[in-house]
Every structure is written in structure tokens, then in C-alpha cells.
Amino acid sequence: MLILGIILLVIGFVTGISILWTIGIILAVIGAVLFLLGSLGHGAFGRRHYW
């Protein structure tokens, strides 16, 4: 999810499509939070690891 968010951020920035930029920011933030929770050993939403 983090990688998809970064890809959408780049595509949105290059093409100037603001909806891709917004969705990319949201996915990148959610992906970063889930990655941190998983790496710290905390389960989230019924799963132990997110990567």
C-alpha cells in the first residue's frame, strides 16, 4: 500500500492530476502507519504484519 501510494504521488505530480495526488497521499500515510504497526509487533485489523 505504501509503494502504491508513492507511485500514485509521482504519477499525480508529473501529470498534474490532483485526484491521483490526493489518493497517493492517503495511501502512503495508511501504508506507513500499517508498516510501523507491523514492524513494532502490534497487530492491526486482524493481521500481524503488513508489507
# chains A, B, ... in the order shown; residues from 1 in each chain; ligands from 1
>>> residues_around(residues="Ala32 in chain A", least_positions_apart="6", cutoff="12 Å", atoms="only C-alpha atoms", output="ChimeraX atom specification")
/A:1-6,24-26,38-39,50-51
>>> select_by_dssp(residues="chain A", states="alpha helix (DSSP H)", output="PyMOL selection string")
chain A and resi 2-15+18-39
>>> atom_distance(atom1="CA of Ser18 in chain A", atom2="CA of Ile30 in chain A")
18.6 Å
>>> atom_distance(atom1="CA of Gly16 in chain A", atom2="CA of Val29 in chain A")
20.3 Å
